[in-house]
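This is data_24.cif. It holds mmCIF, C-alpha atoms, pLDDT in the B column; chains and numbers go by the auth columns.
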```cif
data_coords
#
loop_
_atom_site.group_PDB
_atom_site.id
_atom_site.type_symbol
_atom_site.label_atom_id
_atom_site.label_comp_id
_atom_site.label_asym_id
_atom_site.label_seq_id
_atom_site.Cartn_x
_atom_site.Cartn_y
_atom_site.Cartn_z
_atom_site.B_iso_or_equiv
_atom_site.auth_seq_id
_atom_site.auth_asym_id
ATOM 1 C CA ARG A 1 0.000 0.000 0.000 84.00 37 A
ATOM 2 C CA LYS A 2 2.956 2.301 0.688 85.00 38 A
ATOM 3 C CA TYR A 3 4.040 2.161 -2.960 90.00 39 A
ATOM 4 C CA GLY A 4 0.669 2.003 -4.703 89.00 40 A
ATOM 5 C CA PRO A 5 -1.933 4.613 -5.623 92.00 41 A
ATOM 6 C CA GLU A 6 -4.233 5.901 -2.897 88.00 42 A
ATOM 7 C CA ASP A 7 -7.179 3.803 -4.056 90.00 43 A
ATOM 8 C CA VAL A 8 -5.239 0.542 -4.472 93.00 44 A
ATOM 9 C CA LYS A 9 -7.094 -2.573 -3.315 94.00 45 A
ATOM 10 C CA LEU A 10 -4.941 -5.245 -1.720 96.00 46 A
ATOM 11 C CA PHE A 11 -6.061 -8.869 -1.734 97.00 47 A
ATOM 12 C CA ILE A 12 -4.711 -11.984 -0.140 97.00 48 A
ATOM 13 C CA ASN A 13 -5.140 -14.978 -2.455 97.00 49 A
ATOM 14 C CA ASP A 14 -4.926 -18.669 -1.752 97.00 50 A
ATOM 15 C CA TYR A 15 -6.095 -21.996 -3.164 97.00 51 A
ATOM 16 C CA ASN A 16 -8.117 -24.876 -1.697 98.00 52 A
ATOM 17 C CA LEU A 17 -10.325 -22.453 0.219 98.00 53 A
ATOM 18 C CA GLU A 18 -13.314 -24.517 -0.933 98.00 54 A
ATOM 19 C CA SER A 19 -11.756 -27.611 0.661 96.00 55 A
ATOM 20 C CA PHE A 20 -14.472 -30.199 1.250 95.00 56 A
ATOM 21 C CA TRP A 21 -12.122 -32.617 2.994 95.00 57 A
ATOM 22 C CA ASP A 22 -11.548 -30.454 6.080 96.00 58 A
ATOM 23 C CA ASN A 23 -14.646 -28.259 6.441 97.00 59 A
ATOM 24 C CA ASN A 24 -12.963 -25.231 4.799 98.00 60 A
ATOM 25 C CA LYS A 25 -10.234 -25.316 7.448 98.00 61 A
ATOM 26 C CA LYS A 26 -7.720 -23.443 5.310 98.00 62 A
ATOM 27 C CA LEU A 27 -10.124 -20.550 4.754 98.00 63 A
ATOM 28 C CA ARG A 28 -11.051 -20.413 8.423 98.00 64 A
ATOM 29 C CA SER A 29 -7.357 -20.235 9.298 98.00 65 A
ATOM 30 C CA LEU A 30 -6.759 -17.516 6.695 98.00 66 A
ATOM 31 C CA ILE A 31 -9.598 -15.393 8.082 98.00 67 A
ATOM 32 C CA ASN A 32 -8.136 -15.795 11.561 98.00 68 A
ATOM 33 C CA TRP A 33 -4.711 -14.675 10.340 98.00 69 A
ATOM 34 C CA ILE A 34 -6.207 -11.609 8.663 98.00 70 A
ATOM 35 C CA LYS A 35 -7.713 -10.607 11.995 97.00 71 A
ATOM 36 C CA LYS A 36 -4.320 -11.018 13.690 98.00 72 A
ATOM 37 C CA TRP A 37 -2.494 -9.045 11.005 97.00 73 A
ATOM 38 C CA GLU A 38 -4.993 -6.199 11.110 97.00 74 A
ATOM 39 C CA ALA A 39 -4.901 -6.077 14.913 97.00 75 A
ATOM 40 C CA ASP A 40 -1.814 -3.848 14.728 96.00 76 A
ATOM 41 C CA GLY A 41 -4.038 -0.990 13.585 95.00 77 A
ATOM 42 C CA VAL A 42 -1.859 -0.383 10.521 92.00 78 A
ATOM 43 C CA THR A 43 -2.277 -3.420 8.295 93.00 79 A
ATOM 44 C CA LYS A 44 -5.364 -3.334 6.064 94.00 80 A
ATOM 45 C CA ILE A 45 -6.362 -6.152 3.722 96.00 81 A
ATOM 46 C CA ASP A 46 -9.163 -5.104 1.391 97.00 82 A
ATOM 47 C CA GLY A 47 -10.189 -8.432 -0.028 98.00 83 A
ATOM 48 C CA ILE A 48 -9.834 -12.195 -0.181 98.00 84 A
ATOM 49 C CA GLY A 49 -9.283 -14.033 -3.447 98.00 85 A
ATOM 50 C CA THR A 50 -10.054 -17.706 -3.900 98.00 86 A
ATOM 51 C CA GLN A 51 -8.099 -19.686 -6.485 98.00 87 A
ATOM 52 C CA MET A 52 -10.576 -22.386 -7.490 98.00 88 A
ATOM 53 C CA HIS A 53 -8.737 -25.075 -9.441 98.00 89 A
ATOM 54 C CA ILE A 54 -11.529 -27.579 -8.991 98.00 90 A
ATOM 55 C CA SER A 55 -13.021 -30.660 -10.597 98.00 91 A
ATOM 56 C CA CYS A 56 -16.545 -31.661 -11.431 98.00 92 A
ATOM 57 C CA SER A 57 -17.644 -35.229 -10.691 98.00 93 A
ATOM 58 C CA MET A 58 -19.950 -37.686 -12.396 98.00 94 A
ATOM 59 C CA ASP A 59 -20.891 -39.074 -8.978 98.00 95 A
ATOM 60 C CA ASP A 60 -23.886 -37.181 -7.566 98.00 96 A
ATOM 61 C CA ASN A 61 -22.944 -37.611 -3.895 98.00 97 A
ATOM 62 C CA THR A 62 -19.400 -36.421 -4.520 98.00 98 A
ATOM 63 C CA LEU A 63 -20.525 -33.399 -6.514 98.00 99 A
ATOM 64 C CA ASN A 64 -23.173 -32.411 -3.968 98.00 100 A
ATOM 65 C CA ASN A 65 -20.592 -32.618 -1.193 98.00 101 A
ATOM 66 C CA ARG A 66 -18.220 -30.351 -3.131 98.00 102 A
ATOM 67 C CA LYS A 67 -21.038 -27.889 -3.725 98.00 103 A
ATOM 68 C CA LYS A 68 -21.781 -27.788 0.012 98.00 104 A
ATOM 69 C CA TYR A 69 -18.319 -26.500 0.805 98.00 105 A
ATOM 70 C CA ILE A 70 -18.209 -24.030 -2.070 98.00 106 A
ATOM 71 C CA THR A 71 -21.395 -22.512 -0.665 98.00 107 A
ATOM 72 C CA GLN A 72 -19.860 -22.478 2.806 98.00 108 A
ATOM 73 C CA MET A 73 -16.695 -20.863 1.440 98.00 109 A
ATOM 74 C CA PHE A 74 -18.644 -17.978 -0.073 98.00 110 A
ATOM 75 C CA LYS A 75 -20.641 -17.523 3.155 98.00 111 A
ATOM 76 C CA LEU A 76 -17.466 -17.411 5.251 98.00 112 A
ATOM 77 C CA MET A 77 -15.859 -14.928 2.868 98.00 113 A
ATOM 78 C CA ALA A 78 -18.964 -12.730 2.775 98.00 114 A
ATOM 79 C CA ALA A 79 -19.112 -12.663 6.580 98.00 115 A
ATOM 80 C CA THR A 80 -15.675 -11.016 6.752 98.00 116 A
ATOM 81 C CA GLY A 81 -17.035 -7.863 5.126 98.00 117 A
ATOM 82 C CA LYS A 82 -14.033 -7.949 2.776 98.00 118 A
ATOM 83 C CA LEU A 83 -14.150 -7.684 -0.983 97.00 119 A
ATOM 84 C CA VAL A 84 -14.449 -11.163 -2.492 97.00 120 A
ATOM 85 C CA ARG A 85 -12.906 -12.239 -5.778 96.00 121 A
ATOM 86 C CA VAL A 86 -12.694 -15.576 -7.528 97.00 122 A
ATOM 87 C CA SER A 87 -9.153 -14.879 -8.654 96.00 123 A
ATOM 88 C CA GLU A 88 -8.773 -18.083 -10.645 97.00 124 A
ATOM 89 C CA LEU A 89 -11.411 -20.572 -11.772 97.00 125 A
ATOM 90 C CA ASP A 90 -10.890 -23.623 -13.917 97.00 126 A
ATOM 91 C CA MET A 91 -12.363 -27.108 -13.822 98.00 127 A
ATOM 92 C CA GLY A 92 -11.447 -30.681 -14.638 98.00 128 A
ATOM 93 C CA MET A 93 -13.669 -33.766 -14.592 98.00 129 A
ATOM 94 C CA ASP A 94 -13.647 -36.899 -12.418 98.00 130 A
ATOM 95 C CA ASP A 95 -15.484 -40.068 -13.380 98.00 131 A
ATOM 96 C CA VAL A 96 -17.838 -41.878 -10.979 97.00 132 A
ATOM 97 C CA ASN A 97 -14.840 -43.626 -9.390 97.00 133 A
ATOM 98 C CA GLY A 98 -12.962 -40.388 -8.764 97.00 134 A
ATOM 99 C CA ASN A 99 -10.456 -40.799 -11.593 97.00 135 A
ATOM 100 C CA PRO A 100 -9.503 -37.702 -13.637 97.00 136 A
ATOM 101 C CA VAL A 101 -10.897 -37.729 -17.173 97.00 137 A
ATOM 102 C CA SER A 102 -8.605 -36.658 -20.020 97.00 138 A
ATOM 103 C CA THR A 103 -9.861 -34.260 -22.655 96.00 139 A
ATOM 104 C CA SER A 104 -10.175 -36.953 -25.333 94.00 140 A
ATOM 105 C CA LYS A 105 -12.335 -39.126 -23.038 96.00 141 A
ATOM 106 C CA MET A 106 -14.935 -36.455 -22.303 96.00 142 A
ATOM 107 C CA THR A 107 -18.503 -37.388 -23.210 96.00 143 A
ATOM 108 C CA GLU A 108 -21.416 -35.122 -24.103 94.00 144 A
ATOM 109 C CA ALA A 109 -22.932 -35.758 -20.684 96.00 145 A
ATOM 110 C CA MET A 110 -19.680 -34.761 -18.979 97.00 146 A
ATOM 111 C CA HIS A 111 -19.435 -31.519 -20.943 97.00 147 A
ATOM 112 C CA LYS A 112 -23.008 -30.583 -20.019 96.00 148 A
ATOM 113 C CA ARG A 113 -22.457 -31.466 -16.369 97.00 149 A
ATOM 114 C CA MET A 114 -19.419 -29.199 -16.239 98.00 150 A
ATOM 115 C CA ALA A 115 -21.422 -26.388 -17.846 97.00 151 A
ATOM 116 C CA ASN A 116 -24.123 -26.744 -15.211 97.00 152 A
ATOM 117 C CA TYR A 117 -21.500 -26.747 -12.433 98.00 153 A
ATOM 118 C CA TYR A 118 -19.929 -23.516 -13.692 97.00 154 A
ATOM 119 C CA GLU A 119 -23.380 -21.932 -13.904 96.00 155 A
ATOM 120 C CA TRP A 120 -24.151 -22.994 -10.332 97.00 156 A
ATOM 121 C CA ILE A 121 -20.837 -21.643 -8.964 97.00 157 A
ATOM 122 C CA ILE A 122 -21.257 -18.250 -10.615 95.00 158 A
ATOM 123 C CA LYS A 123 -24.827 -17.942 -9.374 95.00 159 A
ATOM 124 C CA GLN A 124 -23.723 -18.896 -5.853 96.00 160 A
ATOM 125 C CA TYR A 125 -21.140 -16.117 -5.919 95.00 161 A
ATOM 126 C CA LEU A 126 -23.636 -13.551 -7.185 93.00 162 A
ATOM 127 C CA THR A 127 -26.276 -14.672 -4.669 95.00 163 A
ATOM 128 C CA ILE A 128 -24.206 -15.094 -1.507 96.00 164 A
ATOM 129 C CA ILE A 129 -21.662 -12.307 -1.865 95.00 165 A
ATOM 130 C CA PRO A 130 -23.307 -8.889 -1.326 92.00 166 A
ATOM 131 C CA ALA A 131 -23.089 -6.661 -4.386 89.00 167 A
ATOM 132 C CA GLN A 132 -20.819 -4.156 -2.622 92.00 168 A
ATOM 133 C CA GLN A 133 -18.326 -6.947 -1.851 95.00 169 A
ATOM 134 C CA GLN A 134 -18.220 -8.503 -5.323 93.00 170 A
ATOM 135 C CA TRP A 135 -14.880 -7.967 -7.041 93.00 171 A
ATOM 136 C CA GLY A 136 -15.285 -10.272 -10.014 91.00 172 A
ATOM 137 C CA ILE A 137 -14.475 -13.721 -11.331 94.00 173 A
ATOM 138 C CA CYS A 138 -11.428 -14.576 -13.442 94.00 174 A
ATOM 139 C CA GLN A 139 -11.685 -17.551 -15.814 94.00 175 A
ATOM 140 C CA TRP A 140 -8.228 -19.082 -15.563 95.00 176 A
ATOM 141 C CA CYS A 141 -7.911 -21.228 -18.700 94.00 177 A
ATOM 142 C CA PRO A 142 -9.315 -19.924 -22.013 93.00 178 A
ATOM 143 C CA THR A 143 -8.555 -23.255 -23.729 96.00 179 A
ATOM 144 C CA ASP A 144 -8.146 -26.884 -22.773 96.00 180 A
ATOM 145 C CA SER A 145 -4.692 -27.793 -21.559 96.00 181 A
ATOM 146 C CA PRO A 146 -2.438 -29.543 -24.130 94.00 182 A
ATOM 147 C CA THR A 147 -0.829 -32.871 -23.318 94.00 183 A
ATOM 148 C CA ASN A 148 2.589 -31.267 -22.770 95.00 184 A
ATOM 149 C CA SER A 149 1.319 -28.458 -20.558 95.00 185 A
ATOM 150 C CA GLY A 150 2.766 -27.744 -17.148 93.00 186 A
ATOM 151 C CA TRP A 151 -0.744 -26.918 -15.917 94.00 187 A
ATOM 152 C CA ARG A 152 -3.298 -29.726 -15.621 95.00 188 A
ATOM 153 C CA ALA A 153 -2.005 -31.407 -18.779 96.00 189 A
ATOM 154 C CA ASP A 154 -4.553 -33.044 -21.109 96.00 190 A
ATOM 155 C CA THR A 155 -7.421 -31.742 -18.997 97.00 191 A
ATOM 156 C CA PRO A 156 -10.651 -30.103 -20.283 97.00 192 A
ATOM 157 C CA VAL A 157 -10.111 -26.920 -18.269 97.00 193 A
ATOM 158 C CA GLY A 158 -10.985 -24.406 -21.014 96.00 194 A
ATOM 159 C CA ILE A 159 -14.199 -22.780 -22.120 94.00 195 A
ATOM 160 C CA TRP A 160 -12.889 -23.244 -25.649 94.00 196 A
ATOM 161 C CA ASP A 161 -11.139 -26.375 -26.881 93.00 197 A
ATOM 162 C CA ILE A 162 -7.514 -26.318 -27.998 91.00 198 A
ATOM 163 C CA ASN A 163 -8.615 -25.084 -31.448 90.00 199 A
ATOM 164 C CA TYR A 164 -10.755 -22.311 -29.961 91.00 200 A
ATOM 165 C CA TYR A 165 -14.088 -23.960 -30.668 91.00 201 A
ATOM 166 C CA ARG A 166 -16.649 -22.977 -28.055 92.00 202 A
ATOM 167 C CA LYS A 167 -17.586 -25.713 -25.576 94.00 203 A
ATOM 168 C CA HIS A 168 -20.705 -26.403 -23.520 95.00 204 A
ATOM 169 C CA VAL A 169 -19.068 -24.740 -20.517 96.00 205 A
ATOM 170 C CA TYR A 170 -19.091 -21.428 -22.382 94.00 206 A
ATOM 171 C CA ALA A 171 -22.891 -21.533 -22.199 93.00 207 A
ATOM 172 C CA GLY A 172 -22.623 -22.370 -18.495 94.00 208 A
ATOM 173 C CA TRP A 173 -20.660 -19.170 -17.897 93.00 209 A
ATOM 174 C CA VAL A 174 -23.168 -17.156 -19.926 90.00 210 A
ATOM 175 C CA ARG A 175 -26.127 -18.618 -18.035 91.00 211 A
ATOM 176 C CA GLY A 176 -24.367 -18.017 -14.739 91.00 212 A
ATOM 177 C CA PHE A 177 -24.192 -14.291 -15.427 87.00 213 A
ATOM 178 C CA GLY A 178 -27.814 -14.186 -16.523 83.00 214 A
ATOM 179 C CA GLY A 179 -27.254 -14.287 -20.268 71.00 215 A
ATOM 180 C CA ILE A 180 -29.006 -16.424 -22.856 63.00 216 A
ATOM 181 C CA PRO A 181 -26.622 -18.402 -25.075 63.00 217 A
ATOM 182 C CA ASN A 182 -27.626 -18.826 -28.700 56.00 218 A
ATOM 183 C CA ASP A 183 -28.788 -22.299 -29.592 49.00 219 A
ATOM 184 C CA ILE A 184 -30.157 -24.371 -32.428 41.00 220 A
ATOM 185 C CA LYS A 185 -33.477 -22.481 -32.457 46.00 221 A
ATOM 186 C CA ASP A 186 -31.674 -19.452 -33.902 50.00 222 A
ATOM 187 C CA ILE A 187 -30.303 -21.360 -36.896 44.00 223 A
ATOM 188 C CA GLU A 188 -31.936 -21.486 -40.315 53.00 224 A
ATOM 189 C CA GLU A 189 -31.467 -23.807 -43.246 51.00 225 A
ATOM 190 C CA ALA A 190 -29.476 -22.261 -46.090 54.00 226 A
ATOM 191 C CA GLU A 191 -32.358 -22.413 -48.571 50.00 227 A
ATOM 192 C CA SER A 192 -34.550 -20.018 -46.538 44.00 228 A
ATOM 193 C CA ALA A 193 -31.878 -18.004 -44.788 46.00 229 A
ATOM 194 C CA THR A 194 -31.862 -14.887 -46.911 47.00 230 A
ATOM 195 C CA THR A 195 -33.407 -13.301 -49.952 49.00 231 A
ATOM 196 C CA GLU A 196 -30.488 -10.953 -50.539 60.00 232 A
ATOM 197 C CA ALA A 197 -28.821 -11.256 -53.925 65.00 233 A
ATOM 198 C CA ASN A 198 -25.269 -10.963 -52.546 74.00 234 A
ATOM 199 C CA PRO A 199 -25.387 -11.465 -48.761 75.00 235 A
ATOM 200 C CA VAL A 200 -22.283 -10.967 -46.631 77.00 236 A
ATOM 201 C CA ILE A 201 -21.035 -14.405 -45.565 82.00 237 A
ATOM 202 C CA TYR A 202 -18.742 -15.300 -42.657 75.00 238 A
ATOM 203 C CA ASP A 203 -17.708 -18.661 -41.279 74.00 239 A
ATOM 204 C CA ILE A 204 -17.800 -19.203 -37.507 67.00 240 A
ATOM 205 C CA GLN A 205 -14.096 -18.312 -37.228 62.00 241 A
ATOM 206 C CA GLY A 206 -14.879 -14.840 -38.601 61.00 242 A
ATOM 207 C CA LYS A 207 -13.518 -15.322 -42.123 68.00 243 A
ATOM 208 C CA ARG A 208 -15.419 -13.265 -44.701 71.00 244 A
ATOM 209 C CA TYR A 209 -16.151 -14.788 -48.094 77.00 245 A
ATOM 210 C CA ALA A 210 -16.160 -12.813 -51.312 75.00 246 A
ATOM 211 C CA ASP A 211 -19.418 -11.042 -52.069 77.00 247 A
ATOM 212 C CA GLY A 212 -21.506 -13.085 -54.436 80.00 248 A
ATOM 213 C CA THR A 213 -20.205 -16.437 -53.165 84.00 249 A
ATOM 214 C CA ASP A 214 -22.714 -19.171 -53.963 83.00 250 A
ATOM 215 C CA LEU A 215 -23.821 -20.922 -50.756 82.00 251 A
ATOM 216 C CA SER A 216 -24.023 -24.226 -52.604 81.00 252 A
ATOM 217 C CA THR A 217 -20.254 -24.129 -53.167 86.00 253 A
ATOM 218 C CA LEU A 218 -19.403 -23.922 -49.464 86.00 254 A
ATOM 219 C CA PRO A 219 -18.516 -26.968 -47.320 86.00 255 A
ATOM 220 C CA ALA A 220 -21.099 -28.259 -44.870 82.00 256 A
ATOM 221 C CA GLY A 221 -21.099 -26.336 -41.623 81.00 257 A
ATOM 222 C CA MET A 222 -22.236 -23.198 -39.815 79.00 258 A
ATOM 223 C CA TYR A 223 -22.101 -19.728 -41.367 81.00 259 A
ATOM 224 C CA ILE A 224 -23.330 -16.187 -40.757 79.00 260 A
ATOM 225 C CA VAL A 225 -25.237 -15.158 -43.882 81.00 261 A
ATOM 226 C CA GLY A 226 -26.741 -11.711 -44.074 74.00 262 A
ATOM 227 C CA GLY A 227 -26.538 -11.434 -40.283 68.00 263 A
ATOM 228 C CA LYS A 228 -28.273 -14.794 -39.655 75.00 264 A
ATOM 229 C CA LYS A 229 -26.910 -18.131 -38.506 75.00 265 A
ATOM 230 C CA VAL A 230 -27.161 -20.654 -41.318 81.00 266 A
ATOM 231 C CA PHE A 231 -26.440 -24.363 -41.372 78.00 267 A
ATOM 232 C CA ILE A 232 -25.392 -25.903 -44.688 80.00 268 A
ATOM 233 C CA ARG A 233 -25.834 -29.656 -44.893 75.00 269 A
#
```
Entire entry expressed as structure tokens:
Amino acid sequence: RKYGPEDVKLFINDYNLESFWDNNKKLRSLINWIKKWEADGVTKIDGIGTQMHISCSMDDNTLNNRKKYITQMFKLMAATGKLVRVSELDMGMDDVNGNPVSTSKMTEAMHKRMANYYEWIIKQYLTIIPAQQQWGICQWCPTDSPTNSGWRADTPVGIWDINYYRKHVYAGWVRGFGGIPNDIKDIEEAESATTEANPVIYDIQGKRYADGTDLSTLPAGMYIVGGKKVFIR
């Protein structure tokens, strides 16, 4: 604080604050230490950041138990009156036996379960933490982790895959913040998509095709044609 601007906000960050195996003991200890540090009348910690490098689970009992202690974590943090930030948030997947699932082994059901878990976590934060104490959520891994990564290698931690294709969890984040992700109901068949003579055409990576491009010459896939989502079989 001595070397920062007058309005600087100083956070203490740590991981495993949502620890379900010890009743959030690490967070309870951290809160106690903050009280001791601030007892000198000089030290001032503005906020607490939780580094949530977590995993979803395909076992209902396991997942519900993890949720219990995430809820308790947010309640304990809110009760301090400090600013609260999810400084880091990424997620892997465990199968029903507790074994980590690699990216290539993820199923549709697993992807959707992770999306729902992200949505639940974000809504818990926004519900439990008073608005004046909310200091944001940082998504830690834009893409899945490659096999040679030093961070959770070969793990589906991203909201995009390694090629930057949007995953189900992207929709979970959107829903968590109260948005409505686009879905199949917004997509039209190419034949009825537009009546324009020369519509502007983009692929889903943002590449623009030459004006006058015939839709029938394009590969099967998703496109933006004249401002509408179009699927070409």
Open item on the list: Tell me which residues come within 9 Å of (-23.8, -20.2, -49.8), as a PyMOL selection string, counting only C-alpha atoms in the file's coordinates.
Closed with: chain A and resi 226-227+235+237+248-255+259+261+268
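The coordinates place CA of Thr139 in chain A at 12.8 Å from CA of Ser185 in chain A.
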TODO: For the file shown, report as number ranges by chain the outcome of the PyMOL selection byres ((chain A and resi 119) around 10) at residue level.
DONE: A: 45-47, 81-85, 113-114, 116-118, 120-121, 165-172
- [ ] Go ahead and find all residues with at least one atom no further than 12 Å from (-26.4, -23.8, -11.9) in the file's coordinates, using only C-alpha atoms; report them as a PyMOL selection string.
- [x] chain A and resi 103+148-163+205+207-214
- [ ] Could you give me, as an NGL selection string, the residues within 12 Å of Arg202 in chain A, counting all atoms listed in the file and dropping anything in the same chain fewer than 3 positions from it?
- [x] :A and (147 or 151 or 178-180 or 194-199 or 205-210 or 217-218 or 240-241)
Task: d(CA of Asp131 in chain A, CA of Ser91 in chain A) in Å - done: 10.1 Å
Open item on the list: I need the residue nearest Lys141 in chain A from this list: A:Asp76, A:Glu124, A:Gln108, A:Thr191. Use all atoms listed in the file for the distance.
Closed with: A:Thr191
